[in-house]
$ cat work-v7.txt   # compact mmCIF, C-alpha atoms and all ligand atoms
# COMPACT_ATOMS: atom_id res chain seq x y z
CA MET L 349 183.57 65.01 -41.61
CA THR L 350 181.18 62.95 -43.72
CA PHE L 351 181.22 59.17 -43.63
CA LEU L 352 182.56 59.11 -47.22
CA GLU L 353 185.46 61.40 -46.24
CA ARG L 354 186.14 59.27 -43.18
CA ILE L 355 186.47 56.00 -45.09
CA VAL L 356 189.14 57.33 -47.49
CA GLY L 357 192.08 55.04 -46.85
CA TYR L 358 189.98 52.17 -45.53
CA PHE L 359 190.29 50.35 -48.85
CA ARG L 360 193.44 49.48 -50.80
CA GLU L 361 194.05 52.21 -53.37
CA ASN L 362 193.19 50.08 -56.41
CA ILE L 363 189.90 48.97 -54.81
CA GLU L 364 188.97 52.59 -54.10
CA LYS L 365 189.54 53.50 -57.75
CA ALA L 366 188.07 50.27 -59.18
CA ARG L 367 184.96 50.00 -61.30
CA SER L 368 183.06 46.86 -60.36
CA TYR L 369 181.90 44.28 -62.90
CA GLU L 370 178.57 45.32 -64.38
CA PRO L 371 176.27 42.31 -64.70
CA GLY L 372 173.40 42.44 -67.20
CA PHE L 373 170.17 43.90 -65.78
CA GLN L 374 168.07 41.35 -63.85
CA PRO L 375 164.38 42.29 -63.93
CA SER L 376 162.30 40.91 -61.05
CA GLN L 377 161.09 37.33 -61.54
CA THR L 378 157.46 38.37 -62.00
CA ASP L 379 158.36 40.90 -64.65
CA GLU L 380 156.94 40.38 -68.13
CA ALA L 381 160.30 41.41 -69.60
CA ILE L 382 161.98 39.43 -72.37
CA LYS L 383 165.40 38.80 -70.99
CA LEU L 384 168.04 38.02 -73.60
CA ASN L 385 170.91 39.84 -71.90
CA THR L 386 172.87 37.44 -69.67
CA ASN L 387 173.17 34.31 -71.81
CA GLU L 388 171.01 32.17 -69.58
CA ASN L 389 169.51 29.03 -71.13
CA PRO L 390 165.86 29.70 -71.98
CA TYR L 391 164.84 26.12 -71.08
CA PRO L 392 164.59 24.66 -67.56
CA PRO L 393 167.17 22.29 -66.07
CA SER L 394 166.67 18.51 -66.24
CA PRO L 395 163.61 17.21 -64.29
CA LYS L 396 166.08 14.93 -62.49
CA VAL L 397 167.69 18.05 -60.98
CA LEU L 398 164.32 19.22 -59.66
CA LYS L 399 163.66 15.78 -58.21
CA VAL L 400 166.96 15.83 -56.29
CA LEU L 401 166.15 19.35 -55.12
CA SER L 402 162.80 18.19 -53.74
CA GLU L 403 164.56 15.41 -51.83
CA ILE L 404 167.22 17.56 -50.08
CA THR L 405 167.24 16.58 -46.39
CA ALA L 406 167.69 18.62 -43.23
CA GLU L 407 170.79 16.52 -42.57
CA GLN L 408 172.38 17.67 -45.83
CA LEU L 409 171.82 21.25 -44.72
CA ARG L 410 172.96 20.73 -41.12
CA ARG L 411 176.36 19.31 -42.09
CA TYR L 412 179.20 21.02 -43.94
CA PRO L 413 179.44 19.87 -47.55
CA ASP L 414 182.13 17.61 -49.00
CA PRO L 415 185.01 20.14 -49.38
CA GLN L 416 185.96 18.72 -52.77
CA GLY L 417 182.51 17.85 -54.13
CA ASN L 418 183.64 14.30 -54.92
CA ALA L 419 180.26 13.09 -56.22
CA PHE L 420 180.40 15.77 -58.89
CA ARG L 421 184.10 15.19 -59.63
CA GLN L 422 183.40 11.51 -60.25
CA ALA L 423 180.51 12.24 -62.64
CA ALA L 424 182.31 15.08 -64.47
CA ALA L 425 185.45 12.95 -64.84
CA GLU L 426 183.51 10.12 -66.52
CA ILE L 427 181.81 12.49 -68.94
CA ASN L 428 185.06 14.25 -69.86
CA GLY L 429 187.20 11.09 -70.06
CA VAL L 430 189.57 12.16 -67.25
CA GLN L 431 190.12 11.17 -63.60
CA PRO L 432 188.31 12.79 -60.61
CA ASP L 433 191.69 14.28 -59.53
CA ASN L 434 191.65 16.28 -62.77
CA ILE L 435 188.49 18.13 -61.67
CA LEU L 436 188.07 21.10 -59.31
CA CYS L 437 184.52 22.14 -58.35
CA CYS L 438 183.83 25.87 -58.21
CA ASN L 439 181.11 28.27 -57.19
CA GLY L 440 180.47 29.14 -60.85
CA GLY L 441 183.12 29.47 -63.54
CA ASP L 442 183.68 32.98 -62.22
CA GLU L 443 185.13 31.56 -59.02
CA LEU L 444 187.67 29.57 -61.03
CA LEU L 445 188.81 32.78 -62.74
CA ASN L 446 189.14 34.37 -59.32
CA ILE L 447 191.08 31.40 -57.90
CA ALA L 448 193.40 31.27 -60.94
CA ILE L 449 194.25 34.97 -60.80
CA ARG L 450 194.95 34.74 -57.08
CA ALA L 451 197.02 31.57 -57.56
CA PHE L 452 199.19 32.76 -60.45
CA CYS L 453 199.24 36.57 -60.54
CA ASP L 454 200.50 39.47 -58.42
CA GLU L 455 202.20 42.86 -58.88
CA ASN L 456 205.07 41.22 -60.77
CA ARG L 457 203.12 38.48 -62.52
CA PRO L 458 200.68 39.84 -65.12
CA VAL L 459 197.66 38.22 -66.74
CA ALA L 460 197.20 38.48 -70.54
CA TYR L 461 194.20 37.94 -72.79
CA PRO L 462 192.93 38.98 -76.22
CA VAL L 463 190.27 41.72 -76.34
CA PRO L 464 187.37 42.26 -76.67
CA THR L 465 186.47 39.47 -74.28
CA TYR L 466 184.75 38.72 -70.97
CA SER L 467 184.79 41.97 -69.02
CA LEU L 468 185.34 40.23 -65.66
CA TYR L 469 189.04 39.52 -66.43
CA PRO L 470 190.28 43.13 -65.92
CA VAL L 471 188.10 43.52 -62.82
CA LEU L 472 189.71 40.49 -61.18
CA ALA L 473 193.19 41.61 -62.27
CA ASN L 474 192.63 44.98 -60.65
CA ILE L 475 191.50 43.44 -57.36
CA GLN L 476 194.62 41.27 -57.34
CA ASN L 477 196.72 44.32 -58.23
CA CYS L 478 198.27 42.59 -61.22
CA LYS L 479 198.84 44.14 -64.62
CA ALA L 480 196.41 43.08 -67.36
CA ILE L 481 198.06 42.83 -70.79
CA GLU L 482 195.28 43.22 -73.36
CA ILE L 483 196.13 42.15 -76.92
CA PRO L 484 193.54 43.23 -79.52
CA PHE L 485 191.97 40.64 -81.81
CA ASP L 486 192.02 41.45 -85.53
CA SER L 487 188.72 42.29 -87.23
CA GLU L 488 187.98 38.57 -87.67
CA PHE L 489 188.81 37.68 -84.07
CA ASN L 490 191.71 35.37 -84.94
CA LEU L 491 194.11 34.43 -82.14
CA PRO L 492 196.66 37.30 -81.93
CA ALA L 493 200.22 36.05 -82.58
CA LYS L 494 201.58 38.41 -79.92
CA LEU L 495 199.74 36.56 -77.18
CA SER L 496 202.48 33.95 -76.92
CA ALA L 497 205.15 36.57 -76.23
CA THR L 498 203.71 38.60 -73.35
CA GLY L 499 205.58 36.72 -70.60
CA ALA L 500 202.37 36.72 -68.53
CA ALA L 501 202.06 34.33 -65.60
CA LEU L 502 198.53 33.51 -66.74
CA THR L 503 197.10 33.78 -70.25
CA ILE L 504 193.33 33.50 -70.64
CA VAL L 505 191.62 32.71 -73.92
CA CYS L 506 187.85 32.65 -73.86
CA ASN L 507 186.80 30.01 -76.40
CA PRO L 508 184.20 30.32 -77.77
CA ASN L 509 184.77 33.99 -77.07
CA ALA L 510 182.33 36.36 -75.43
CA PRO L 511 180.93 38.69 -76.64
CA THR L 512 181.90 37.73 -80.21
CA GLY L 513 180.71 34.08 -80.23
CA THR L 514 183.73 33.13 -82.36
CA PHE L 515 185.75 29.90 -82.03
CA ILE L 516 189.51 29.36 -82.25
CA ASN L 517 190.41 25.86 -83.34
CA VAL L 518 191.92 23.40 -80.87
CA GLY L 519 195.21 23.05 -82.79
CA GLU L 520 195.93 26.77 -82.52
CA LEU L 521 195.34 26.72 -78.78
CA ALA L 522 197.56 23.63 -78.42
CA SER L 523 200.36 25.53 -80.21
CA LEU L 524 199.81 28.56 -77.98
CA ALA L 525 200.00 26.41 -74.83
CA ASP L 526 203.15 24.83 -76.16
CA GLU L 527 204.81 28.21 -76.79
CA LEU L 528 203.81 29.72 -73.44
CA LYS L 529 206.22 29.31 -70.55
CA ARG L 530 203.38 29.65 -68.03
CA VAL L 531 199.71 28.74 -67.61
CA LEU L 532 196.99 28.92 -70.28
CA LEU L 533 193.41 29.00 -68.99
CA ILE L 534 190.85 28.27 -71.71
CA ASP L 535 187.50 29.70 -70.65
CA GLU L 536 185.01 27.24 -72.13
CA ALA L 537 181.92 28.66 -70.38
CA TYR L 538 180.04 28.48 -73.72
CA VAL L 539 181.63 25.37 -75.20
CA ASP L 540 178.48 23.26 -74.82
CA PHE L 541 177.12 25.09 -77.88
CA ALA L 542 180.29 24.60 -80.00
CA GLU L 543 181.20 21.62 -82.16
CA THR L 544 184.29 20.60 -80.19
CA ASN L 545 186.30 21.47 -77.05
CA CYS L 546 189.85 21.52 -75.69
CA THR L 547 189.63 18.74 -73.07
CA SER L 548 192.16 16.62 -75.00
CA LEU L 549 194.86 19.29 -74.41
CA VAL L 550 194.92 18.51 -70.69
CA LYS L 551 196.32 15.04 -71.43
CA ASP L 552 199.37 16.28 -73.35
CA LEU L 553 200.04 19.72 -71.90
CA ASP L 554 200.83 20.35 -68.24
CA ASN L 555 200.04 24.09 -68.35
CA VAL L 556 196.42 24.03 -69.55
CA ILE L 557 193.36 24.67 -67.36
CA ILE L 558 189.92 24.32 -68.88
CA LEU L 559 187.02 26.27 -67.35
CA ARG L 560 183.51 24.85 -67.61
CA SER L 561 180.22 26.30 -66.40
CA MET L 562 176.94 24.63 -65.48
CA SER L 563 175.15 27.95 -66.07
CA LYS L 564 174.66 27.74 -69.82
CA GLY L 565 174.23 24.27 -71.36
CA TYR L 566 172.80 22.82 -68.12
CA SER L 567 170.43 25.74 -67.37
CA LEU L 568 171.78 26.22 -63.83
CA ALA L 569 172.91 29.87 -63.74
CA GLY L 570 171.05 30.39 -60.44
CA LEU L 571 172.85 27.49 -58.76
CA ARG L 572 176.40 28.85 -59.24
CA PHE L 573 178.45 25.83 -60.25
CA GLY L 574 181.41 25.45 -62.56
CA TYR L 575 184.55 23.36 -62.69
CA ALA L 576 188.13 23.15 -63.87
CA ILE L 577 189.77 20.34 -65.82
CA ALA L 578 193.57 20.20 -65.58
CA ARG L 579 196.54 18.00 -64.69
CA THR L 580 196.37 16.76 -61.09
CA GLU L 581 199.34 18.91 -59.99
CA LEU L 582 197.59 22.08 -61.18
CA ILE L 583 194.31 21.05 -59.54
CA ALA L 584 196.16 20.40 -56.28
CA GLY L 585 197.70 23.90 -56.41
CA LEU L 586 194.33 25.55 -57.11
CA MET L 587 192.81 23.61 -54.19
CA LYS L 588 195.16 25.51 -51.85
CA VAL L 589 193.61 28.80 -52.94
CA LYS L 590 189.90 27.98 -52.95
CA ASP L 591 187.65 28.49 -49.90
CA SER L 592 187.43 25.30 -47.83
CA TYR L 593 183.75 24.78 -48.62
CA ASN L 594 183.46 26.66 -51.90
CA VAL L 595 180.54 24.65 -53.26
CA ASP L 596 177.52 23.97 -51.06
CA ALA L 597 175.78 20.65 -50.46
CA VAL L 598 172.68 21.52 -52.49
CA ALA L 599 174.78 22.74 -55.41
CA ILE L 600 176.91 19.57 -55.42
CA ALA L 601 173.81 17.34 -55.41
CA LEU L 602 172.02 19.29 -58.15
CA ALA L 603 175.03 19.82 -60.41
CA THR L 604 175.80 16.10 -60.16
CA ALA L 605 172.24 15.19 -61.18
CA ALA L 606 172.45 17.65 -64.09
CA ILE L 607 175.74 16.43 -65.50
CA LYS L 608 174.65 12.79 -65.21
CA ASP L 609 171.57 13.47 -67.36
CA GLN L 610 173.47 13.74 -70.63
CA GLN L 611 170.44 12.87 -72.74
CA TYR L 612 168.45 15.85 -71.44
CA PHE L 613 171.52 18.08 -71.73
CA LYS L 614 172.13 17.14 -75.37
CA GLU L 615 168.48 17.67 -76.32
CA ASN L 616 168.44 21.02 -74.54
CA VAL L 617 171.61 22.19 -76.31
CA GLU L 618 170.27 21.05 -79.71
CA LYS L 619 167.09 23.12 -79.19
CA VAL L 620 169.18 26.22 -78.42
CA LYS L 621 171.38 25.59 -81.48
CA GLU L 622 168.34 25.26 -83.72
CA ASN L 623 166.88 28.53 -82.33
CA ARG L 624 170.28 30.19 -82.80
CA LYS L 625 170.32 29.28 -86.48
CA GLU L 626 166.82 30.66 -87.02
CA LEU L 627 167.54 33.83 -85.03
CA ALA L 628 170.74 34.54 -86.99
CA GLU L 629 168.96 33.99 -90.32
CA GLN L 630 166.10 36.32 -89.36
CA LEU L 631 168.48 39.01 -88.11
CA ARG L 632 170.37 38.86 -91.41
CA LEU L 633 167.05 39.44 -93.22
CA LEU L 634 166.69 42.57 -91.08
CA ASN L 635 170.04 43.73 -92.48
CA PHE L 636 172.23 42.89 -89.48
CA GLU L 637 175.63 41.28 -90.06
CA VAL L 638 175.66 38.13 -87.93
CA PRO L 639 178.76 35.92 -87.95
CA ASN L 640 178.29 32.23 -87.13
CA SER L 641 178.18 31.76 -83.37
CA SER L 642 179.52 28.81 -81.33
CA THR L 643 177.68 30.00 -78.20
CA ASN L 644 174.12 30.57 -76.95
CA PHE L 645 174.17 34.17 -78.13
CA VAL L 646 174.71 35.99 -81.40
CA LEU L 647 176.57 39.23 -82.01
CA ALA L 648 174.61 41.28 -84.52
CA LYS L 649 176.26 44.22 -86.24
CA SER L 650 173.98 47.08 -87.05
CA LYS L 651 175.04 48.31 -90.48
CA ASN L 652 174.26 51.92 -89.58
CA GLY L 653 176.37 51.73 -86.41
CA LYS L 654 173.43 52.83 -84.25
CA ALA L 655 173.46 49.78 -82.01
CA GLY L 656 173.15 51.91 -78.85
CA GLU L 657 169.97 53.58 -80.10
CA ILE L 658 168.40 50.27 -81.10
CA TYR L 659 169.29 48.89 -77.66
CA ASP L 660 167.56 51.84 -75.92
CA LYS L 661 164.41 51.38 -78.00
CA LEU L 662 164.28 47.67 -77.15
CA VAL L 663 164.59 48.50 -73.43
CA GLN L 664 161.61 50.86 -73.76
CA ARG L 665 159.64 47.81 -74.98
CA GLY L 666 160.77 45.60 -72.08
CA ILE L 667 163.22 43.63 -74.22
CA TYR L 668 166.68 43.34 -72.69
CA ILE L 669 169.74 42.45 -74.74
CA ARG L 670 173.36 43.59 -74.16
CA TYR L 671 175.17 46.56 -75.63
CA PHE L 672 178.86 47.17 -74.84
CA ASP L 673 180.21 50.64 -75.46
CA LEU L 674 183.70 49.19 -76.06
CA PRO L 675 186.12 49.37 -79.02
CA GLY L 676 185.39 46.68 -81.61
CA VAL L 677 181.86 45.96 -80.38
CA ASP L 678 180.17 49.37 -79.97
CA ASP L 679 178.33 48.94 -83.30
CA LYS L 680 177.00 45.53 -82.28
CA LEU L 681 174.28 43.99 -80.13
CA ARG L 682 174.78 40.80 -78.15
CA ILE L 683 171.57 38.81 -78.11
CA THR L 684 171.08 35.67 -76.03
CA VAL L 685 169.28 32.92 -77.93
CA GLY L 686 165.84 32.61 -76.37
CA THR L 687 162.87 30.32 -76.91
CA LYS L 688 161.27 30.51 -80.35
CA GLU L 689 158.55 32.76 -78.89
CA GLN L 690 161.03 35.14 -77.23
CA ASN L 691 163.12 35.36 -80.39
CA GLN L 692 160.01 36.11 -82.43
CA LYS L 693 159.00 38.93 -80.07
CA LEU L 694 162.49 40.41 -80.33
CA LEU L 695 162.46 40.18 -84.13
CA SER L 696 159.02 41.82 -84.39
CA ALA L 697 160.20 44.65 -82.13
CA LEU L 698 163.35 45.09 -84.21
CA GLN L 699 161.34 45.16 -87.41
CA ASP L 700 159.16 47.87 -85.92
CA ILE L 701 162.13 49.88 -84.61
CA LEU L 702 163.95 49.61 -87.92
CA SER L 703 160.92 50.90 -89.81
CA ASP L 704 162.21 54.25 -88.58
CA ALA L 705 164.33 55.12 -91.65
CA THR L 706 167.07 56.84 -89.64
CA LEU L 707 167.81 53.60 -87.84
CA ARG L 708 167.72 51.43 -90.94
CA SER L 709 169.74 53.14 -93.64
CA PRO L 710 173.54 52.78 -93.64
CA SER L 711 174.07 56.53 -94.00
CA GLY L 712 171.83 57.24 -91.04
CA THR L 713 169.74 59.59 -93.14
C1 LIG L 801 183.10 34.08 -70.76
C2 LIG L 801 182.54 33.67 -69.46
N1 LIG L 801 183.30 32.96 -68.63
C3 LIG L 801 182.85 32.55 -67.44
C4 LIG L 801 181.57 32.85 -67.04
C5 LIG L 801 181.16 32.42 -65.67
O1 LIG L 801 180.04 31.64 -65.66
P1 LIG L 801 179.42 31.13 -64.31
O2 LIG L 801 180.13 31.80 -63.18
O3 LIG L 801 177.98 31.46 -64.37
O4 LIG L 801 179.68 29.64 -64.32
C6 LIG L 801 180.73 33.61 -67.87
C7 LIG L 801 179.38 33.97 -67.46
O5 LIG L 801 178.60 34.55 -68.15
C8 LIG L 801 181.23 34.03 -69.12
O6 LIG L 801 180.49 34.76 -69.95
$ encode --input "work-v7.txt" --output "structure tokens"
Amino acid sequence: MTFLERIVGYFRENIEKARSYEPGFQPSQTDEAIKLNTNENPYPPSPKVLKVLSEITAEQLRRYPDPQGNAFRQAAAEINGVQPDNILCCNGGDELLNIAIRAFCDENRPVAYPVPTYSLYPVLANIQNCKAIEIPFDSEFNLPAKLSATGAALTIVCNPNAPTGTFINVGELASLADELKRVLLIDEAYVDFAETNCTSLVKDLDNVIILRSMSKGYSLAGLRFGYAIARTELIAGLMKVKDSYNVDAVAIALATAAIKDQQYFKENVEKVKENRKELAEQLRLLNFEVPNSSTNFVLAKSKNGKAGEIYDKLVQRGIYIRYFDLPGVDDKLRITVGTKEQNQKLLSALQDILSDATLRSPSGT
């Protein structure tokens, strides 16, 4: 008997059958690749973060961290106009999704969300063995009316949405939360690049959880830090589910330094937004359809539908973007906004690739 035959039955059935989440390709650090595939910020984190990193002591490493990350909660509460008890620190926004699904869902308590969206949601639902109710967006990615009637224990709306970059206005989400009998988690991982956010909903609605990430606007994807904003009772319930020491001492210190440096953060975000505008304009000149984005990526529709082929040709040139072979997005390319230089290299490569007439013309001829 082979080892593979022997381990049949070791795992729960749904884990055995599961497909794991597929993260974007990570070339090695020394690689010359242009990496516009995982929505990282192209600029470094605040110098104040690096200073705190250089001052980490052996004592901070020897001891267990503060289980609640109170230094960060205090700073994040001030910036968001809430109380520290309204904040839960997490090992990346992904951990909050994991905690929420474990806290609210099981075999009899489904999760619901509009699709296409962040492909981690069904993966987590499968691990928890809960049904995932997927409600398709319309062609303009408006909030589907049916979402309020699913009866799900947890409804997730990614806003701004990934991979579309579109934004649903705060009033519509307030109405949805009001109609839902259970919890609404608004995944605001990309909200730093939008014009507004849903924090105000937490004050009036007791069923709203906001997810925030330090990976995007604060350039800390490698650190793994995110947080929730919600009513204290919801935060207290989520605390029961998290690991005791879910955020480490170095991460707490660095994330706190990052969120306190609002001036650097705002300048950083503005640079990305300016590059986003230029990138979208240039892509439109290359005949892509590019809706306005509220994130640090754009979703570019190839008018000939050959997005997969264009993606492959970019990979051959060491340029990594993201292509999803999924309904609604399989004719589109998701491109992270890079530095001006990175964007220019991508655009030159696209121009070159599209000079091949079969990839440029709408008929594909
Ligand atoms: C929609 C969405 N939500 C949440 C996350 C989680 O972010 P992180 O775990 O890096 O904070 C991501 C990461 O890319 C994302 O795209």
$ residues_around --input "work-v7.txt" --residues "Tyr538 (chain L)" --least-positions-apart "3" --cutoff "10 Å" --atoms "all atoms listed in the file" --output "JSON, numbers by chain"
{"L": [387, 506, 507, 508, 509, 510, 513, 535, 541, 542, 545, 559, 560, 561, 562, 563, 564, 565, 642, 643, 644, 645]}
$ residues_around --input "work-v7.txt" --residues "region 589-592 of chain L" --least-positions-apart "4" --cutoff "9 Å" --atoms "only C-alpha atoms" --output "PyMOL selection string"
chain L and resi 415-416+438+443-444+447-448+450-451+585
$ axis_aligned_box --input "work-v7.txt" --around "region 564-573 of chain L" --padding-each-side "5 Å" --output "JSON"
{"center_x": 174.4, "center_y": 26.6, "center_z": -65.1, "size_x": 18.0, "size_y": 17.6, "size_z": 22.6}
$ closest_residue --input "work-v7.txt" --among "L:Gly666, L:Pro462, L:Gly519, L:Gly441" --to "ligand LIG 801 (chain L)" --atoms "all atoms listed in the file"
L:Gly441
$ residues_around --input "work-v7.txt" --residues "Arg530 (chain L)" --least-positions-apart "6" --cutoff "12 Å" --atoms "only C-alpha atoms" --output "PyMOL selection string"
chain L and resi 452-453+457-460+496-504+524+553-557+582
$ write_last_selection --input "work-v7.txt" --atoms "C-alpha atoms" --output "mmCIF file, in the coordinates of the input"
data_model
loop_
_atom_site.group_PDB
_atom_site.id
_atom_site.type_symbol
_atom_site.label_atom_id
_atom_site.label_comp_id
_atom_site.auth_asym_id
_atom_site.auth_seq_id
_atom_site.Cartn_x
_atom_site.Cartn_y
_atom_site.Cartn_z
ATOM 1 C CA PHE L 452 199.190 32.760 -60.450
ATOM 2 C CA CYS L 453 199.240 36.570 -60.540
ATOM 3 C CA ARG L 457 203.120 38.480 -62.520
ATOM 4 C CA PRO L 458 200.680 39.840 -65.120
ATOM 5 C CA VAL L 459 197.660 38.220 -66.740
ATOM 6 C CA ALA L 460 197.200 38.480 -70.540
ATOM 7 C CA SER L 496 202.480 33.950 -76.920
ATOM 8 C CA ALA L 497 205.150 36.570 -76.230
ATOM 9 C CA THR L 498 203.710 38.600 -73.350
ATOM 10 C CA GLY L 499 205.580 36.720 -70.600
ATOM 11 C CA ALA L 500 202.370 36.720 -68.530
ATOM 12 C CA ALA L 501 202.060 34.330 -65.600
ATOM 13 C CA LEU L 502 198.530 33.510 -66.740
ATOM 14 C CA THR L 503 197.100 33.780 -70.250
ATOM 15 C CA ILE L 504 193.330 33.500 -70.640
ATOM 16 C CA LEU L 524 199.810 28.560 -77.980
ATOM 17 C CA LEU L 553 200.040 19.720 -71.900
ATOM 18 C CA ASP L 554 200.830 20.350 -68.240
ATOM 19 C CA ASN L 555 200.040 24.090 -68.350
ATOM 20 C CA VAL L 556 196.420 24.030 -69.550
ATOM 21 C CA ILE L 557 193.360 24.670 -67.360
ATOM 22 C CA LEU L 582 197.590 22.080 -61.180
#
$ closest_residue --input "work-v7.txt" --among "L:Arg421, L:Arg411, L:Arg682, L:Arg632" --to "ligand LIG 801 (chain L)" --atoms "only C-alpha atoms and all ligand atoms"
L:Arg682
$ closest_residue --input "work-v7.txt" --among "L:Thr684, L:Ile516, L:Glu581, L:Ala569" --to "Lys383 (chain L)" --atoms "all atoms listed in the file"
L:Thr684
$ residues_around --input "work-v7.txt" --residues "region 610-618 of chain L" --least-positions-apart "3" --cutoff "9 Å" --atoms "all atoms listed in the file" --output "list of chain:residue names"
L:Asn389, L:Tyr391, L:Pro392, L:Pro393, L:Ser394, L:Pro395, L:Ile427, L:Asp540, L:Phe541, L:Gly565, L:Tyr566, L:Ser567, L:Ala606, L:Ile607, L:Lys621, L:Glu622, L:Asn623, L:Asn644
$ residues_around --input "work-v7.txt" --residues "Pro375 (chain L)" --least-positions-apart "2" --cutoff "12 Å" --atoms "only C-alpha atoms" --output "list in words"
Pro371, Gly372, Phe373, Gln377, Thr378, Asp379, Glu380, Ala381, Ile382, Lys383, Leu384, Asn385, Thr386, Val663, Gly666, Ile667 and Tyr668 of chain L
$ decode --input "work-v7.txt" --residues "region 672-688 of chain L" --atoms "N, CA and C atoms" --output "short mmCIF file (atom, residue, chain, number, x, y, z; two decimals), in the first residue's frame"
data_model
loop_
_atom_site.label_atom_id
_atom_site.label_comp_id
_atom_site.auth_asym_id
_atom_site.auth_seq_id
_atom_site.Cartn_x
_atom_site.Cartn_y
_atom_site.Cartn_z
N PHE L 672 -7.98 35.45 -13.97
CA PHE L 672 -8.87 34.47 -13.32
C PHE L 672 -9.75 33.84 -14.38
N ASP L 673 -9.65 32.54 -14.52
CA ASP L 673 -10.48 31.84 -15.50
C ASP L 673 -11.85 31.54 -14.85
N LEU L 674 -12.58 32.62 -14.53
CA LEU L 674 -13.85 32.48 -13.80
C LEU L 674 -14.95 33.24 -14.55
N PRO L 675 -16.22 32.80 -14.44
CA PRO L 675 -17.29 33.51 -15.13
C PRO L 675 -17.32 34.99 -14.74
N GLY L 676 -17.50 35.84 -15.73
CA GLY L 676 -17.61 37.29 -15.47
C GLY L 676 -16.27 38.01 -15.52
N VAL L 677 -15.17 37.28 -15.36
CA VAL L 677 -13.85 37.96 -15.37
C VAL L 677 -12.84 37.27 -16.29
N ASP L 678 -13.27 36.24 -17.03
CA ASP L 678 -12.28 35.49 -17.83
C ASP L 678 -11.83 36.22 -19.11
N ASP L 679 -12.44 37.40 -19.37
CA ASP L 679 -11.97 38.22 -20.49
C ASP L 679 -11.20 39.44 -19.98
N LYS L 680 -10.82 39.38 -18.69
CA LYS L 680 -10.22 40.57 -18.08
C LYS L 680 -8.88 40.24 -17.40
N LEU L 681 -8.08 41.28 -17.22
CA LEU L 681 -6.79 41.14 -16.54
C LEU L 681 -6.80 42.03 -15.31
N ARG L 682 -6.39 41.48 -14.18
CA ARG L 682 -6.30 42.32 -12.98
C ARG L 682 -4.86 42.75 -12.80
N ILE L 683 -4.67 44.05 -12.81
CA ILE L 683 -3.30 44.59 -12.78
C ILE L 683 -3.12 45.46 -11.55
N THR L 684 -2.18 45.08 -10.69
CA THR L 684 -1.87 45.91 -9.52
C THR L 684 -1.20 47.19 -9.98
N VAL L 685 -1.57 48.31 -9.37
CA VAL L 685 -0.93 49.58 -9.71
C VAL L 685 0.50 49.56 -9.15
N GLY L 686 1.47 49.73 -10.04
CA GLY L 686 2.86 49.72 -9.61
C GLY L 686 3.43 51.12 -9.52
N THR L 687 4.76 51.21 -9.45
CA THR L 687 5.42 52.51 -9.54
C THR L 687 5.24 52.99 -10.98
N LYS L 688 5.56 54.25 -11.22
CA LYS L 688 5.43 54.77 -12.60
C LYS L 688 6.30 53.95 -13.55
#
